[in-house]
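For reference, target_28.txt is printed below; it contains compact mmCIF, C-alpha atoms.
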# COMPACT_ATOMS: atom_id res chain seq x y z
CA MET E 223 176.25 109.51 102.92
CA HIS E 224 176.41 111.58 106.12
CA LYS E 225 174.41 114.77 106.55
CA LYS E 226 177.65 116.76 106.33
CA ASP E 227 178.48 115.12 102.99
CA LEU E 228 175.00 115.77 101.66
CA GLY E 229 175.18 119.41 102.68
CA LEU E 230 178.61 119.77 101.08
CA ALA E 231 177.36 118.13 97.87
CA VAL E 232 174.51 120.65 97.70
CA LEU E 233 177.01 123.47 98.28
CA VAL E 234 179.23 122.20 95.45
CA LEU E 235 176.25 122.07 93.08
CA CYS E 236 175.13 125.57 94.10
CA VAL E 237 178.60 127.07 93.68
CA GLY E 238 179.06 125.28 90.34
CA THR E 239 175.71 126.58 89.10
CA ILE E 240 176.55 130.13 90.16
CA VAL E 241 179.96 129.96 88.45
CA ALA E 242 178.36 128.63 85.24
CA LEU E 243 175.79 131.44 85.28
CA VAL E 244 178.43 134.10 85.93
CA ASN E 245 180.73 132.78 83.22
CA PRO E 246 179.47 130.11 80.77
CA ARG E 247 183.09 129.20 79.96
CA PHE E 248 183.07 127.19 83.17
CA ILE E 249 181.08 124.40 81.51
CA SER E 250 183.14 124.38 78.30
CA PRO E 251 184.69 120.94 77.60
CA VAL E 252 188.24 122.32 77.79
CA ASN E 253 187.71 124.04 81.14
CA LEU E 254 185.90 121.05 82.63
CA ALA E 255 188.71 118.72 81.52
CA ASN E 256 191.38 120.99 82.97
CA THR E 257 189.46 121.39 86.23
CA ALA E 258 188.94 117.64 86.47
CA ASN E 259 192.66 117.07 85.95
CA LEU E 260 193.49 119.46 88.80
CA ILE E 261 190.89 117.78 91.02
CA GLY E 262 192.67 114.48 90.44
CA LEU E 263 196.13 115.92 91.06
CA PHE E 264 195.21 117.72 94.28
CA GLY E 265 192.84 115.00 95.43
CA LEU E 266 195.54 112.35 95.82
CA PHE E 267 197.49 114.13 98.54
CA SER E 268 194.30 115.52 100.14
CA ILE E 269 193.16 111.97 100.90
CA ALA E 270 196.69 111.30 102.19
CA GLU E 271 196.40 114.25 104.58
CA ALA E 272 193.00 113.05 105.77
CA PHE E 273 194.40 109.74 107.03
CA VAL E 274 196.79 111.58 109.35
CA ILE E 275 194.22 114.12 110.53
CA VAL E 276 191.72 111.42 111.53
CA THR E 277 194.22 110.20 114.16
CA GLY E 278 194.60 113.71 115.57
CA GLY E 279 197.90 114.33 113.76
CA ILE E 280 198.97 116.72 111.04
CA GLU E 281 201.29 116.49 108.02
CA LEU E 282 202.82 119.82 107.00
CA SER E 283 205.59 118.56 104.74
CA ILE E 284 203.45 117.36 101.82
CA GLY E 285 204.37 120.23 99.50
CA SER E 286 208.09 119.89 100.21
CA VAL E 287 207.95 116.11 99.75
CA ILE E 288 206.25 116.63 96.37
CA ALA E 289 209.07 119.01 95.38
CA LEU E 290 211.88 116.72 96.58
CA LEU E 291 210.50 113.48 95.13
CA GLY E 292 209.52 115.25 91.91
CA VAL E 293 213.11 116.47 91.49
CA ILE E 294 214.50 112.99 92.17
CA PHE E 295 212.05 111.32 89.78
CA ILE E 296 212.84 113.66 86.88
CA ASP E 297 216.59 113.57 87.55
CA LEU E 298 216.69 109.76 87.64
CA ILE E 299 215.00 109.56 84.24
CA ALA E 300 216.41 112.61 82.44
CA THR E 301 219.97 112.69 83.81
CA TRP E 302 220.83 109.17 84.90
CA GLY E 303 218.82 107.31 82.28
CA VAL E 304 217.04 105.11 84.83
CA ALA E 305 214.03 103.25 83.42
CA TRP E 306 210.87 104.99 84.59
CA PRO E 307 209.41 101.92 86.38
CA MET E 308 212.59 101.71 88.49
CA ALA E 309 212.55 105.48 89.10
CA LEU E 310 208.92 105.20 90.19
CA LEU E 311 209.79 102.36 92.57
CA ILE E 312 212.67 104.36 94.07
CA VAL E 313 210.42 107.38 94.65
CA LEU E 314 207.71 105.24 96.28
CA VAL E 315 210.26 103.54 98.55
CA LEU E 316 211.64 106.95 99.57
CA GLY E 317 208.09 108.03 100.38
CA VAL E 318 207.60 105.00 102.62
CA LEU E 319 210.92 105.69 104.39
CA ILE E 320 209.98 109.33 105.01
CA GLY E 321 206.62 108.21 106.41
CA LEU E 322 208.34 105.69 108.68
CA LEU E 323 210.69 108.41 109.92
CA HIS E 324 207.83 110.76 110.75
CA GLY E 325 205.86 108.02 112.47
CA TRP E 326 208.90 106.94 114.48
CA LEU E 327 209.63 110.49 115.65
CA VAL E 328 206.00 110.98 116.68
CA THR E 329 205.47 107.64 118.44
CA ARG E 330 208.92 106.71 119.79
CA LEU E 331 210.39 110.10 120.66
CA GLN E 332 206.95 111.51 121.54
CA LEU E 333 207.48 114.62 119.42
CA GLN E 334 204.50 116.71 118.38
CA PRO E 335 203.35 115.96 114.80
CA PHE E 336 203.28 119.70 114.11
CA VAL E 337 206.96 120.06 115.03
CA VAL E 338 208.08 116.91 113.16
CA THR E 339 206.32 117.75 109.93
CA LEU E 340 207.16 121.47 110.10
CA CYS E 341 210.83 120.52 110.31
CA GLY E 342 210.24 118.14 107.39
CA LEU E 343 208.71 120.99 105.40
CA LEU E 344 211.90 123.01 105.81
CA ILE E 345 214.38 120.14 105.46
CA TYR E 346 212.96 118.50 102.32
CA ARG E 347 212.61 121.75 100.42
CA GLY E 348 216.11 122.75 101.44
CA VAL E 349 217.48 119.39 100.27
CA ALA E 350 215.59 119.73 96.97
CA ARG E 351 217.04 123.19 96.39
CA PHE E 352 220.55 121.98 97.27
CA TYR E 353 220.13 118.94 95.01
CA THR E 354 219.40 121.16 92.00
CA ARG E 355 221.70 123.98 93.15
CA ASP E 356 218.61 126.14 93.27
CA GLY E 357 217.99 125.41 89.62
CA THR E 358 215.18 123.64 87.80
CA ALA E 359 214.93 119.91 87.22
CA GLY E 360 213.30 119.16 83.88
CA PHE E 361 213.32 117.02 80.80
CA SER E 362 215.66 118.02 77.99
CA PHE E 363 214.26 119.25 74.68
CA GLY E 364 212.88 116.39 72.62
CA SER E 365 212.69 113.95 75.53
CA ASP E 366 209.85 111.55 74.97
CA PHE E 367 208.42 108.93 77.32
CA PRO E 368 205.23 107.88 75.56
CA MET E 369 204.25 105.02 77.89
CA LEU E 370 204.87 107.01 81.07
CA GLU E 371 203.10 110.08 79.71
CA ARG E 372 200.11 108.02 78.60
CA ILE E 373 199.79 106.30 81.97
CA VAL E 374 200.26 109.40 84.13
CA ALA E 375 199.28 112.38 82.01
CA GLY E 376 197.06 110.78 79.36
CA ARG E 377 193.30 110.56 79.01
CA THR E 378 190.82 107.77 78.37
CA GLY E 379 187.52 108.74 76.80
CA GLY E 380 188.38 112.37 77.55
CA ILE E 381 188.83 111.62 81.27
CA PRO E 382 192.29 112.55 82.64
CA HIS E 383 194.12 109.62 84.17
CA SER E 384 194.75 111.69 87.29
CA VAL E 385 190.98 111.66 87.90
CA ILE E 386 190.84 107.90 87.39
CA ALA E 387 193.72 107.45 89.85
CA PHE E 388 191.99 109.77 92.32
CA ALA E 389 188.73 107.82 91.99
CA VAL E 390 190.50 104.48 92.56
CA VAL E 391 192.38 105.82 95.59
CA ALA E 392 189.17 107.36 96.98
CA VAL E 393 187.28 104.05 96.70
CA VAL E 394 190.11 102.10 98.36
CA ALA E 395 190.49 104.79 101.06
CA TRP E 396 186.74 104.75 101.72
CA PHE E 397 186.79 100.99 102.16
CA ILE E 398 189.82 101.11 104.47
CA LEU E 399 188.50 103.93 106.62
CA HIS E 400 184.85 102.95 106.85
CA ARG E 401 184.73 99.19 106.35
CA THR E 402 187.80 97.69 108.02
CA VAL E 403 189.06 97.09 111.55
CA PHE E 404 192.07 99.27 110.78
CA GLY E 405 189.71 102.12 109.91
CA ARG E 406 187.88 101.73 113.24
CA HIS E 407 191.24 101.81 114.98
CA LEU E 408 192.07 105.09 113.22
CA PHE E 409 188.87 106.69 114.52
CA ALA E 410 189.45 105.25 118.00
CA VAL E 411 193.00 106.63 118.20
CA GLY E 412 191.77 110.02 117.02
CA LYS E 413 188.97 110.11 119.60
CA ASN E 414 191.13 109.12 122.56
CA GLU E 415 194.57 107.61 122.10
CA VAL E 416 194.94 106.57 125.74
CA ALA E 417 191.55 104.83 125.79
CA ALA E 418 192.38 103.12 122.49
CA ARG E 419 195.64 101.82 123.96
CA TYR E 420 193.85 100.43 127.02
CA ALA E 421 191.33 98.79 124.67
CA GLY E 422 194.16 96.72 123.22
CA ILE E 423 194.87 98.75 120.06
CA ASN E 424 198.51 99.07 119.08
CA THR E 425 198.33 102.84 118.79
CA ARG E 426 201.97 103.24 117.79
CA ARG E 427 201.57 100.93 114.83
CA VAL E 428 198.34 102.63 113.79
CA ILE E 429 199.90 106.10 113.88
CA VAL E 430 203.06 105.02 112.03
CA SER E 431 200.87 103.33 109.39
CA THR E 432 198.98 106.57 108.75
CA TYR E 433 202.19 108.55 108.14
CA VAL E 434 203.53 105.82 105.84
CA LEU E 435 200.25 105.74 103.91
CA CYS E 436 200.16 109.53 103.75
CA ILE E 437 203.65 109.99 102.33
CA PHE E 438 203.25 106.99 100.01
CA LEU E 439 200.22 108.64 98.40
CA THR E 440 202.13 111.93 98.38
CA ALA E 441 204.93 110.19 96.44
CA VAL E 442 202.37 109.01 93.88
CA SER E 443 201.08 112.57 93.68
CA ALA E 444 204.65 113.86 93.20
CA VAL E 445 205.05 111.71 90.08
CA PHE E 446 201.75 112.94 88.65
CA PHE E 447 202.73 116.57 89.28
CA ALA E 448 206.21 116.05 87.81
CA MET E 449 204.74 114.71 84.57
CA TYR E 450 202.04 117.41 84.56
CA THR E 451 204.52 120.31 84.84
CA ARG E 452 207.46 118.43 83.16
CA SER E 453 209.80 120.52 85.29
CA VAL E 454 210.26 121.18 89.00
CA GLN E 455 211.52 124.43 90.51
CA PRO E 456 212.19 123.37 94.13
CA ALA E 457 211.81 126.89 95.54
CA SER E 458 208.16 127.09 94.49
CA HIS E 459 206.96 123.65 93.36
CA GLY E 460 204.33 122.34 95.79
CA ASN E 461 204.22 125.50 97.90
CA PHE E 462 201.24 125.48 100.32
CA TYR E 463 199.92 122.16 98.99
CA GLU E 464 199.72 120.90 102.56
CA LEU E 465 197.30 123.72 103.34
CA TYR E 466 195.17 122.68 100.38
CA GLY E 467 195.05 119.13 101.73
CA ILE E 468 194.12 120.35 105.20
CA ALA E 469 191.41 122.60 103.78
CA ALA E 470 189.89 119.74 101.74
CA ALA E 471 189.94 117.46 104.79
CA VAL E 472 188.37 120.06 107.07
CA LEU E 473 185.68 120.80 104.50
CA GLY E 474 185.10 117.06 104.25
CA GLY E 475 184.24 116.86 107.93
CA PHE E 476 187.61 115.79 109.32
CA SER E 477 188.03 117.42 112.70
CA LEU E 478 191.51 118.71 113.47
CA ARG E 479 190.97 117.20 116.92
CA GLY E 480 190.80 113.78 115.27
CA GLY E 481 188.27 110.95 115.35
CA GLU E 482 185.89 112.28 112.70
CA GLY E 483 185.72 112.43 108.92
CA SER E 484 184.47 111.00 105.66
CA ILE E 485 186.35 110.17 102.45
CA ILE E 486 183.31 111.24 100.43
CA GLY E 487 183.55 114.56 102.21
CA VAL E 488 187.21 114.96 101.23
CA VAL E 489 186.36 114.27 97.58
CA LEU E 490 183.64 116.92 97.71
CA GLY E 491 186.01 119.30 99.52
CA VAL E 492 188.62 118.95 96.76
CA ILE E 493 185.98 119.59 94.10
CA LEU E 494 184.69 122.66 95.94
CA LEU E 495 188.16 124.16 96.33
CA GLN E 496 188.96 123.67 92.64
CA VAL E 497 185.62 125.16 91.59
CA LEU E 498 186.34 128.19 93.80
CA GLN E 499 189.83 128.58 92.33
CA ASN E 500 188.36 128.22 88.84
CA LEU E 501 185.87 130.95 89.73
CA VAL E 502 188.73 133.23 90.77
CA ASN E 503 190.44 132.66 87.42
CA LEU E 504 187.30 133.07 85.30
CA LEU E 505 186.37 136.33 87.03
CA GLY E 506 189.81 137.76 86.41
CA ILE E 507 190.58 138.09 90.11
CA PRO E 508 194.36 138.24 90.78
CA SER E 509 195.75 134.74 91.32
CA SER E 510 197.48 135.99 94.46
CA LEU E 511 194.05 135.91 96.12
CA ASN E 512 193.87 132.14 95.71
CA PHE E 513 195.56 131.74 99.07
CA ALA E 514 193.16 134.26 100.62
CA VAL E 515 190.25 132.18 99.33
CA MET E 516 191.83 129.00 100.68
CA GLY E 517 192.51 130.58 104.07
CA SER E 518 188.94 131.84 104.28
CA VAL E 519 187.61 128.39 103.41
CA ILE E 520 189.73 126.77 106.16
CA LEU E 521 188.55 129.36 108.68
CA VAL E 522 184.89 128.92 107.78
CA GLY E 523 185.27 125.15 107.87
CA VAL E 524 186.88 125.16 111.32
CA ILE E 525 184.26 127.57 112.68
CA ALA E 526 181.46 125.44 111.26
CA ASP E 527 183.02 122.27 112.70
CA THR E 528 183.38 123.88 116.13
CA GLN E 529 179.84 125.22 116.17
CA ILE E 530 178.30 121.96 114.94
CA SER E 531 180.24 119.97 117.56
CA ALA E 532 179.11 122.36 120.29
CA TYR E 533 175.50 122.12 119.11
CA ARG E 534 175.61 118.34 119.12
CA GLU E 535 177.13 118.34 122.61
CA ARG E 536 174.35 120.63 123.88
CA ARG E 537 171.67 118.39 122.36
CA ARG E 538 173.31 115.29 123.83
CA HIS E 539 173.45 116.96 127.25
CA LEU E 540 169.81 118.06 127.06
CA ALA E 541 168.72 114.57 125.99
CA THR E 542 170.61 113.06 128.93
CA MET E 543 169.10 115.49 131.40
CA SER E 544 165.61 114.92 129.95
CA GLY E 545 166.05 111.15 130.29
CA LEU E 546 167.11 111.47 133.91
CA ALA E 547 164.14 113.72 134.67
CA ARG E 548 161.70 111.15 133.30
CA GLN E 549 163.08 108.28 135.41
CA PRO E 550 160.65 107.32 138.24
CA GLU E 551 161.85 107.98 141.72
CA ALA E 552 162.80 105.07 143.95
CA GLY E 553 159.75 103.47 145.63
CA GLU E 554 157.20 104.54 143.02

Please render this file's structure as structure tokens.
Amino acid sequence: MHKKDLGLAVLVLCVGTIVALVNPRFISPVNLANTANLIGLFGLFSIAEAFVIVTGGIELSIGSVIALLGVIFIDLIATWGVAWPMALLIVLVLGVLIGLLHGWLVTRLQLQPFVVTLCGLLIYRGVARFYTRDGTAGFSFGSDFPMLERIVAGRTGGIPHSVIAFAVVAVVAWFILHRTVFGRHLFAVGKNEVAARYAGINTRRVIVSTYVLCIFLTAVSAVFFAMYTRSVQPASHGNFYELYGIAAAVLGGFSLRGGEGSIIGVVLGVILLQVLQNLVNLLGIPSSLNFAVMGSVILVGVIADTQISAYRERRRHLATMSGLARQPEAGE
């Protein structure tokens, strides 16, 4: 565990303790289960966002993708009578295709990730609203999908399946990012894409892979959210979720410049954000301030990241200068 992760873990424990002292309902079984479920739901796409950020990119269309794919998933099952495994497969394939499109636009047409994904944010939500005629996609009264609901929205031993899915994805993501050659390539591209290309890394393939992986996990998250809410209103469903993912990644030590980050940090960042939002609810603070809290967290995280990076650079520079000063002069 990195020092950043350790510090964030201590912060999570401190904030959790304070919340429990302020309002003991925080540690009630019902509240803990609900909070854990939300951690799992939001954690899936936060890890997805982290994979793009580590390469120096950004993915702003996550919320709109969750809305669009959620609408399609529910409509396939409720309206067209498609078996849920086939509907799930269709949604996952669509997620891969969207990721391929984003990666192609970024690498082949050399468009800025911000522009590509901002356009995606607008396009996918617009398509979702047109698809439903600005209505709501939902299951009809009495609809029952016991197997699907148990797998996606059920619990085992009191633990929501969304948390189990989040834990599995986090473990796999940690292994990929920190223990594989592909993970080292991700960090190398984020640090310096040109240098990585000259080192023999296929930077285009690496970048495209991150967008495919990101939207694939987002598609999985869309299914979990669709079964959690059981209805999708495209105008509002998934609004600002991309900012939540960015905030969790930044808190987890992922630099928006790329080349840095820790999956453990993202997990802790997701937990911290949910604890803070739970604090807002328990204290009776208007829910409209949730976004203010999230924005403040992002700002503090970016400032901390900038200051820590500057401090490390100063120490590295001083160490270099000190080493040069200690070198014996020629002829001694």

(message) Which residues are near Val244 in chain E? Cut-off 9 Å, only C-alpha atoms, ignore same chain within fewer than 3 positions. Put them as a PyMOL selection string.
(response) chain E and resi 239-241+248+501+504-505

(request) Select, counting only C-alpha atoms, all protein, DNA and RNA residues no farther than 12 Å from (211.5, 105.8, 97.4) in file coordinates, and express the selection as an NGL selection string. (result) :E and (287 or 290-292 or 294-295 or 298 or 307-322 or 434 or 437-442 or 444-445)

Which range 224-322 of chain E residues have any atom within 7 Å of an atom of range 357-377 of chain E, and for each, what is the nearest pair of atoms with distance in Å to one decimal, counting only C-alpha atoms, rows sorted by chain and number, as a tab-separated table?
residue	atom	partner	partner_atom	distance
E:Val293	CA	E:Ala359	CA	5.8
E:Ile296	CA	E:Gly360	CA	6.3
E:Asp297	CA	E:Ala359	CA	6.6
E:Ala300	CA	E:Phe361	CA	5.6

(request) For each of E:Ser484, E:Thr257, E:Thr542, E:Thr339, take the minimum atom-to-atom distance to Arg401 in chain E, counting only C-alpha atoms, then give the residue where this is smallest. (result)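 Among the listed residues, E:Ser484 lies closest to Arg401 in chain E.
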
(request) Pick out the closest residue to Asn461 in chain E from this set: E:Arg534, E:Arg347, E:Lys413, E:Arg479. Count only C-alpha atoms. (result)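 Of E:Arg534, E:Arg347, E:Lys413, E:Arg479, the one nearest Asn461 in chain E, counting only C-alpha atoms, is E:Arg347.
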
Is it possible to add N, CA and C atoms to range 524-544 of chain E and hand it back as a short mmCIF file (atom, residue, chain, number, x, y, z; two decimals), in the frame of the given file?
data_model
loop_
_atom_site.label_atom_id
_atom_site.label_comp_id
_atom_site.auth_asym_id
_atom_site.auth_seq_id
_atom_site.Cartn_x
_atom_site.Cartn_y
_atom_site.Cartn_z
N VAL E 524 186.58 125.40 109.90
CA VAL E 524 186.88 125.16 111.32
C VAL E 524 185.80 125.74 112.22
N ILE E 525 185.34 126.96 111.89
CA ILE E 525 184.26 127.57 112.68
C ILE E 525 183.00 126.73 112.63
N ALA E 526 182.65 126.28 111.42
CA ALA E 526 181.46 125.44 111.26
C ALA E 526 181.60 124.14 112.04
N ASP E 527 182.79 123.52 111.97
CA ASP E 527 183.02 122.27 112.70
C ASP E 527 182.89 122.49 114.20
N THR E 528 183.45 123.59 114.69
CA THR E 528 183.38 123.88 116.13
C THR E 528 181.95 124.12 116.57
N GLN E 529 181.21 124.90 115.80
CA GLN E 529 179.84 125.22 116.17
C GLN E 529 178.92 123.99 116.10
N ILE E 530 179.12 123.17 115.07
CA ILE E 530 178.30 121.96 114.94
C ILE E 530 178.58 121.00 116.09
N SER E 531 179.87 120.85 116.45
CA SER E 531 180.24 119.97 117.56
C SER E 531 179.64 120.47 118.86
N ALA E 532 179.69 121.79 119.07
CA ALA E 532 179.11 122.36 120.29
C ALA E 532 177.60 122.16 120.33
N TYR E 533 176.95 122.32 119.18
CA TYR E 533 175.50 122.12 119.11
C TYR E 533 175.12 120.68 119.42
N ARG E 534 175.89 119.75 118.84
CA ARG E 534 175.61 118.34 119.12
C ARG E 534 175.82 118.02 120.61
N GLU E 535 176.86 118.59 121.20
CA GLU E 535 177.13 118.34 122.61
C GLU E 535 176.00 118.88 123.48
N ARG E 536 175.47 120.06 123.12
CA ARG E 536 174.35 120.63 123.88
C ARG E 536 173.12 119.74 123.76
N ARG E 537 172.84 119.26 122.55
CA ARG E 537 171.67 118.39 122.36
C ARG E 537 171.83 117.08 123.12
N ARG E 538 173.05 116.54 123.11
CA ARG E 538 173.31 115.29 123.83
C ARG E 538 173.11 115.51 125.34
N HIS E 539 173.58 116.65 125.82
CA HIS E 539 173.45 116.96 127.25
C HIS E 539 171.99 117.13 127.63
N LEU E 540 171.22 117.86 126.79
CA LEU E 540 169.81 118.06 127.06
C LEU E 540 169.04 116.74 127.03
N ALA E 541 169.38 115.88 126.08
CA ALA E 541 168.72 114.57 125.99
C ALA E 541 169.01 113.74 127.23
N THR E 542 170.24 113.80 127.72
CA THR E 542 170.61 113.06 128.93
C THR E 542 169.85 113.58 130.14
N MET E 543 169.80 114.89 130.26
CA MET E 543 169.10 115.49 131.40
C MET E 543 167.60 115.19 131.33
N SER E 544 167.04 115.21 130.12
CA SER E 544 165.61 114.92 129.95
C SER E 544 165.32 113.47 130.33
#
